[in-house]
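J.: Supplied structure: start22.txt, compact mmCIF, C-alpha atoms and all ligand atoms.
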# COMPACT_ATOMS: atom_id res chain seq x y z
CA MET A 1 0.00 0.00 0.00
CA ASP A 2 1.34 3.43 -1.00
CA VAL A 3 0.14 6.87 0.04
CA ARG A 4 0.30 9.10 -3.05
CA PRO A 5 -0.67 12.74 -3.54
CA LEU A 6 -3.74 13.17 -5.74
CA SER A 7 -2.71 13.25 -9.41
CA PRO A 8 -4.59 13.06 -12.74
CA GLU A 9 -4.06 9.26 -12.93
CA LEU A 10 -5.70 8.81 -9.52
CA ALA A 11 -8.81 10.86 -10.35
CA ALA A 12 -10.87 7.96 -11.82
CA PRO A 13 -9.87 5.38 -9.13
CA LEU A 14 -10.67 7.99 -6.44
CA GLU A 15 -14.12 8.64 -7.95
CA GLU A 16 -14.69 4.88 -7.93
CA PHE A 17 -13.62 4.77 -4.23
CA PHE A 18 -16.13 7.53 -3.39
CA ARG A 19 -18.90 5.46 -5.04
CA ARG A 20 -17.85 2.39 -2.98
CA VAL A 21 -17.74 4.10 0.44
CA PRO A 22 -21.03 3.63 2.33
CA ASP A 23 -23.33 6.62 2.77
CA SER A 24 -22.76 6.63 6.54
CA ASP A 25 -19.06 7.44 6.03
CA HIS A 26 -19.72 10.28 3.58
CA ASN A 27 -20.23 12.66 6.53
CA SER A 28 -16.51 12.34 7.26
CA PHE A 29 -15.60 13.95 3.93
CA ALA A 30 -17.28 17.26 4.85
CA GLU A 31 -17.59 17.97 1.12
CA ASP A 32 -19.87 16.61 -1.58
CA VAL A 33 -17.21 14.34 -3.06
CA GLN A 34 -19.59 12.82 -5.61
CA ARG A 35 -20.53 16.12 -7.25
CA PRO A 36 -19.62 15.78 -10.96
CA GLY A 37 -16.28 17.43 -11.72
CA VAL A 38 -15.28 17.93 -8.10
CA VAL A 39 -12.23 15.62 -8.20
CA GLN A 40 -11.05 17.32 -11.42
CA SER A 41 -11.37 20.72 -9.74
CA TRP A 42 -9.13 19.54 -6.87
CA LEU A 43 -6.30 18.86 -9.33
CA GLU A 44 -5.95 22.62 -9.87
CA GLN A 45 -6.64 23.63 -6.26
CA GLU A 46 -3.83 25.30 -4.32
CA GLY A 47 -3.29 25.44 -0.57
CA THR A 48 -4.91 22.09 0.23
CA HIS A 49 -3.43 18.61 0.35
CA ARG A 50 -5.22 15.51 -0.87
CA ALA A 51 -3.81 12.02 -1.11
CA CYS A 52 -4.90 8.44 -1.74
CA ALA A 53 -3.90 5.12 -0.24
CA VAL A 54 -3.37 2.91 -3.27
CA GLU A 55 -3.26 -0.89 -3.49
CA GLY A 56 -2.56 -2.10 -7.01
CA ASP A 57 -4.86 0.00 -9.19
CA ARG A 58 -7.44 0.58 -6.44
CA VAL A 59 -7.82 3.51 -4.09
CA VAL A 60 -8.50 2.11 -0.60
CA GLY A 61 -8.26 5.31 1.43
CA TYR A 62 -8.47 9.08 1.13
CA LEU A 63 -6.82 11.94 2.99
CA ALA A 64 -7.54 15.66 2.89
CA VAL A 65 -5.95 18.54 4.77
CA LEU A 66 -8.21 21.55 4.30
CA PRO A 67 -6.98 24.84 5.78
CA LEU A 68 -9.67 26.93 7.46
CA VAL A 69 -10.11 30.59 6.48
CA GLY A 70 -9.84 34.06 8.03
CA TRP A 71 -8.85 34.13 11.69
CA SER A 72 -8.44 30.33 11.66
CA ALA A 73 -6.25 30.23 8.54
CA HIS A 74 -3.46 28.68 10.64
CA VAL A 75 -5.69 25.64 11.36
CA GLY A 76 -6.08 22.62 9.09
CA SER A 77 -9.04 20.26 9.09
CA LEU A 78 -7.95 16.65 8.57
CA ARG A 79 -10.19 14.08 6.86
CA VAL A 80 -9.31 10.37 6.64
CA VAL A 81 -11.63 7.70 5.24
CA VAL A 82 -10.65 4.07 4.56
CA ASP A 83 -12.57 1.53 2.47
CA PRO A 84 -14.44 -0.65 5.01
CA ALA A 85 -12.91 -3.75 3.34
CA ALA A 86 -9.38 -2.42 4.02
CA ARG A 87 -9.79 -1.30 7.64
CA GLY A 88 -7.71 -2.61 10.53
CA GLN A 89 -4.60 -3.01 8.35
CA GLY A 90 -2.79 0.24 9.11
CA VAL A 91 -4.14 2.27 6.15
CA GLY A 92 -5.85 4.87 8.36
CA ARG A 93 -2.76 5.34 10.51
CA ALA A 94 -0.54 5.79 7.41
CA LEU A 95 -2.95 8.39 5.97
CA ALA A 96 -3.23 10.28 9.27
CA ARG A 97 0.58 10.41 9.59
CA ALA A 98 0.81 11.69 6.00
CA GLY A 99 -1.84 14.30 6.83
CA LEU A 100 0.11 15.53 9.81
CA LEU A 101 3.26 15.89 7.72
CA ALA A 102 1.27 17.69 5.00
CA SER A 103 -0.14 20.10 7.61
CA LEU A 104 3.38 21.00 8.72
CA GLU A 105 4.46 21.43 5.10
CA LEU A 106 1.48 23.74 4.49
CA GLY A 107 2.73 25.86 7.43
CA LEU A 108 -0.30 25.16 9.59
CA THR A 109 0.27 25.38 13.36
CA LYS A 110 -2.80 23.42 14.44
CA THR A 111 -4.57 20.45 12.91
CA VAL A 112 -8.03 19.31 13.96
CA VAL A 113 -10.07 16.24 13.23
CA GLU A 114 -13.73 15.58 14.09
CA VAL A 115 -14.68 12.07 15.17
CA VAL A 116 -18.00 10.68 16.37
CA VAL A 117 -17.54 9.76 20.04
CA ASP A 118 -18.72 6.18 19.43
CA ALA A 119 -15.73 5.63 17.10
CA VAL A 120 -13.41 4.74 19.99
CA PRO A 121 -10.71 3.01 17.86
CA ALA A 122 -10.48 6.05 15.57
CA ILE A 123 -10.02 8.35 18.56
CA GLY A 124 -7.22 6.07 19.84
CA MET A 125 -5.55 6.17 16.44
CA PHE A 126 -5.40 9.98 16.43
CA GLU A 127 -4.30 10.16 20.09
CA ALA A 128 -1.38 7.82 19.29
CA LEU A 129 -0.25 10.42 16.73
CA GLY A 130 -0.26 13.23 19.31
CA PHE A 131 -3.81 14.56 18.89
CA GLU A 132 -5.64 15.50 22.09
CA PRO A 133 -9.40 15.82 22.65
CA GLU A 134 -10.14 19.55 22.74
CA ALA A 135 -13.92 19.90 22.48
CA LEU A 136 -17.02 17.81 22.86
CA LEU A 137 -20.01 18.86 20.75
CA ARG A 138 -23.12 17.23 22.18
CA ASP A 139 -25.78 15.82 19.81
CA HIS A 140 -23.86 17.37 16.93
CA VAL A 141 -24.37 14.50 14.48
CA ARG A 142 -27.70 13.06 13.36
CA ASP A 143 -27.48 9.73 11.55
CA LYS A 144 -29.85 8.48 8.85
CA SER A 145 -32.15 6.87 11.44
CA GLY A 146 -32.43 10.21 13.24
CA GLU A 147 -30.33 9.19 16.24
CA LEU A 148 -28.09 11.92 17.68
CA HIS A 149 -24.38 11.38 18.47
CA ASP A 150 -21.72 13.48 20.21
CA LEU A 151 -18.74 14.68 18.18
CA VAL A 152 -15.24 15.08 19.61
CA VAL A 153 -12.77 17.57 18.13
CA LEU A 154 -9.19 16.34 18.50
CA ALA A 155 -6.38 18.82 17.95
CA HIS A 156 -2.69 18.58 17.21
CA GLN A 157 -0.81 21.72 18.28
CA VAL A 158 2.53 22.57 16.75
CA GLU A 159 4.17 23.34 20.11
CA GLY A 160 3.64 19.70 21.01
CA THR A 161 4.80 18.62 17.58
CA TRP A 162 8.33 17.48 18.34
CA SER A 163 7.41 15.23 21.26
CA ALA A 164 4.36 13.93 19.41
CA MET A 165 6.41 13.28 16.28
CA ALA A 166 8.96 11.35 18.32
CA THR A 167 6.12 9.20 19.67
CA ALA A 168 4.74 8.56 16.23
CA GLY A 169 8.15 8.08 14.58
CA LEU A 170 7.54 11.04 12.33
CA GLU A 171 10.86 12.80 12.87
CA GLU A 172 12.55 10.43 10.40
CA ALA A 173 9.98 11.29 7.76
CA LEU A 174 10.77 14.99 8.18
CA ALA A 175 14.57 14.60 8.22
C1 LIG B 1 -10.99 5.78 11.40
C2 LIG B 1 -10.45 5.02 10.18
C3 LIG B 1 -9.85 6.02 9.20
C4 LIG B 1 -9.36 4.03 10.67
O1 LIG B 1 -8.82 3.41 9.52
P1 LIG B 1 -8.11 1.96 9.62
O2 LIG B 1 -7.38 1.75 8.34
O3 LIG B 1 -9.07 0.93 10.02
O4 LIG B 1 -7.10 2.21 10.83
P2 LIG B 1 -5.76 1.39 11.12
O5 LIG B 1 -5.88 -0.02 10.62
O6 LIG B 1 -4.60 2.19 10.64
O7 LIG B 1 -5.77 1.33 12.68
C5 LIG B 1 -5.07 2.25 13.49
C6 LIG B 1 -5.40 1.97 14.93
O8 LIG B 1 -6.77 2.24 15.13
C7 LIG B 1 -7.37 1.21 15.89
N1 LIG B 1 -8.39 0.53 15.11
C8 LIG B 1 -8.81 0.86 13.88
N2 LIG B 1 -9.87 0.12 13.53
C9 LIG B 1 -10.14 -0.69 14.55
C10 LIG B 1 -11.14 -1.68 14.80
N3 LIG B 1 -12.09 -1.96 13.89
N4 LIG B 1 -11.12 -2.31 15.98
C11 LIG B 1 -10.18 -2.03 16.90
N5 LIG B 1 -9.22 -1.11 16.72
C12 LIG B 1 -9.19 -0.45 15.56
C13 LIG B 1 -6.31 0.31 16.33
O9 LIG B 1 -5.92 0.74 17.62
C14 LIG B 1 -5.20 0.52 15.37
O10 LIG B 1 -4.01 0.38 16.03
P3 LIG B 1 -3.20 -1.01 16.04
O11 LIG B 1 -2.49 -1.06 14.74
O12 LIG B 1 -2.31 -0.85 17.21
O13 LIG B 1 -4.20 -2.11 16.18
C15 LIG B 1 -11.57 4.17 9.49
O14 LIG B 1 -12.21 3.38 10.47
C16 LIG B 1 -12.62 5.02 8.78
O15 LIG B 1 -12.49 5.33 7.59
N6 LIG B 1 -13.72 5.41 9.48
C17 LIG B 1 -14.81 6.22 8.92
C18 LIG B 1 -14.39 7.66 8.71
C19 LIG B 1 -13.87 8.32 9.97
O16 LIG B 1 -14.45 8.20 11.04
N7 LIG B 1 -12.75 9.08 9.83
C20 LIG B 1 -12.13 9.81 10.93
C21 LIG B 1 -12.58 11.25 10.98
S1 LIG B 1 -12.35 12.16 9.49
Reformat the file's structure so that it appears as structure tokens.

T.:
Amino acid sequence: MDVRPLSPELAAPLEEFFRRVPDSDHNSFAEDVQRPGVVQSWLEQEGTHRACAVEGDRVVGYLAVLPLVGWSAHVGSLRVVVDPAARGQGVGRALARAGLLASLELGLTKTVVEVVVDAVPAIGMFEALGFEPEALLRDHVRDKSGELHDLVVLAHQVEGTWSAMATAGLEEALA
């Protein structure tokens, strides 16, 4: 499995991945990723980072680092979604690590990720990379059946970066 920045060759396999991901996980994209032409428009977009986890000719995971605007322009929003058939094999961790490195390269000093509180393994994955829970938004998510769920915002602050990177083994990647 390779993590590769989005490129023209990956556009069609990424669109196919978006069609394969169940509706329930589409909330994690925070964008309408199935809107016609949207992947093509990303190829010319500056200031964001998007990447794919690729196995053979298939995209099995997606990463986006989307900088916020205005007074939060120093903050990046991280999105990681893995094909349900490829979960539990380290793809999510590899994408999250790549997202953290991309955030630093974009000059962002804080990276946040939103996770539904019930997704305990996902929260553990981000904490292992140095993210810390920073806010709890009660009843912030309503699923298709109408049930409400709490959302946790985990943040990675640059002042904690070096110790967190040592924990996650990221310092080698930056050397
Ligand atoms: C969260 C998500 C990206 C994790 O992807 P993944 O490829 O399954 O994660 P990994 O295999 O890299 O697992 C990393 C760690 O998370 C934990 N984990 C992930 N899935 C798990 C599961 N089903 N059961 C138990 N632990 C799990 C493990 O602790 C694992 O560490 P380990 O290697 O020590 O066991 C994936 O479940 C997903 O796409 N979820 C829907 C979208 C989402 O919630 N994204 C996050 C917010 S944008």

J.: Return the single residue from A:Ser72, A:Ser7, A:Ser77, A:Thr48 that is closest to Ala30 in chain A, with distances computed using all atoms listed in the file.

T.: A:Ser77

J.: Within 12 Å of Arg35 in chain A, counting only C-alpha atoms, which residues qualify if same-chain residues fewer than 4 places away don't, as a PyMOL selection string?

T.: chain A and resi 15+18-19+31+39-42

J.: Find the distance between CA of Gly61 in chain A and atom O12 of ligand LIG 1 (chain B) and write it in Å to one decimal.

T.: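 Computed distance, CA of Gly61 in chain A to atom O12 of ligand LIG 1 (chain B), equals 18.0 Å.
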
J.: May I ask for the distance between CA of Glu16 in chain A and CA of Val82 in chain A, given in Å to one decimal place?

T.: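 A separation of 13.2 Å between them.
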
J.: Using all atoms listed in the file, which of A:Leu95, A:Val21, A:Val3, A:Leu106 sits nearest Gly56 in chain A?

T.: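 Among A:Leu95, A:Val21, A:Val3, A:Leu106, it is A:Val3 that comes nearest to Gly56 in chain A.
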
J.: To check your reading of the model: which residues sit at most 10 Å from ligand LIG 1 (chain B) when counting all atoms listed in the file? Write the answer as an MDAnalysis selection string.

T.: chainID A and resid 21:22 24:30 53 60:64 77:97 112:128 152:154

J.: Using only C-alpha atoms for the distances, tell me which of A:Leu10, A:Leu66, A:Val59, A:Val158 is nearest to Leu43 in chain A.

T.: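 With only C-alpha atoms as the atom set, the closest residue is A:Leu10.
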
J.: For Ala155 in chain A, please output as a list in words all residues within 7 Å (counting all atoms listed in the file; exclusion window: fewer than 6 positions along the same chain).

T.: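 Once the nearby chain positions are removed, what remains is Lys110, Thr111, Val112, Val113, Phe131, Glu132, Pro133 and Glu134 of chain A.
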
J.: I'd like to know which of A:Gln157, A:Val38, A:Asp2, A:Arg138 is closest to Ala98 in chain A, using all atoms listed in the file.

T.: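 Closest residue, counting all atoms listed in the file: A:Asp2.
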
J.: Of the candidates A:Pro8, A:Gly76, A:Pro13, A:Gly146, which one gets nearest to Glu105 in chain A if we count all atoms listed in the file?

T.: A:Gly76

J.: Determine the nearest neighbour of Leu129 in chain A from the options A:Leu6, A:Leu68, A:Leu101, A:Val75, counting all atoms listed in the file.

T.: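 The shortest atom-to-atom distance to Leu129 in chain A comes from A:Leu101.
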
J.: Could you work out an axis-aligned box for range 20-32 of chain A, taking every atom the file lists and adding 5 Å on each side, and report centre and edge lengths in Å to one decimal, as AutoDock Vina command-line options?

T.:
--center_x -19.5 --center_y 10.2 --center_z 2.1 --size_x 17.7 --size_y 25.6 --size_z 20.2

J.: Could you tell me how far CA of Val65 in chain A sits from CA of Ala102 in chain A, in Å to one decimal place?

T.: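 CA of Ala102 in chain A sits 7.3 Å away from CA of Val65 in chain A.
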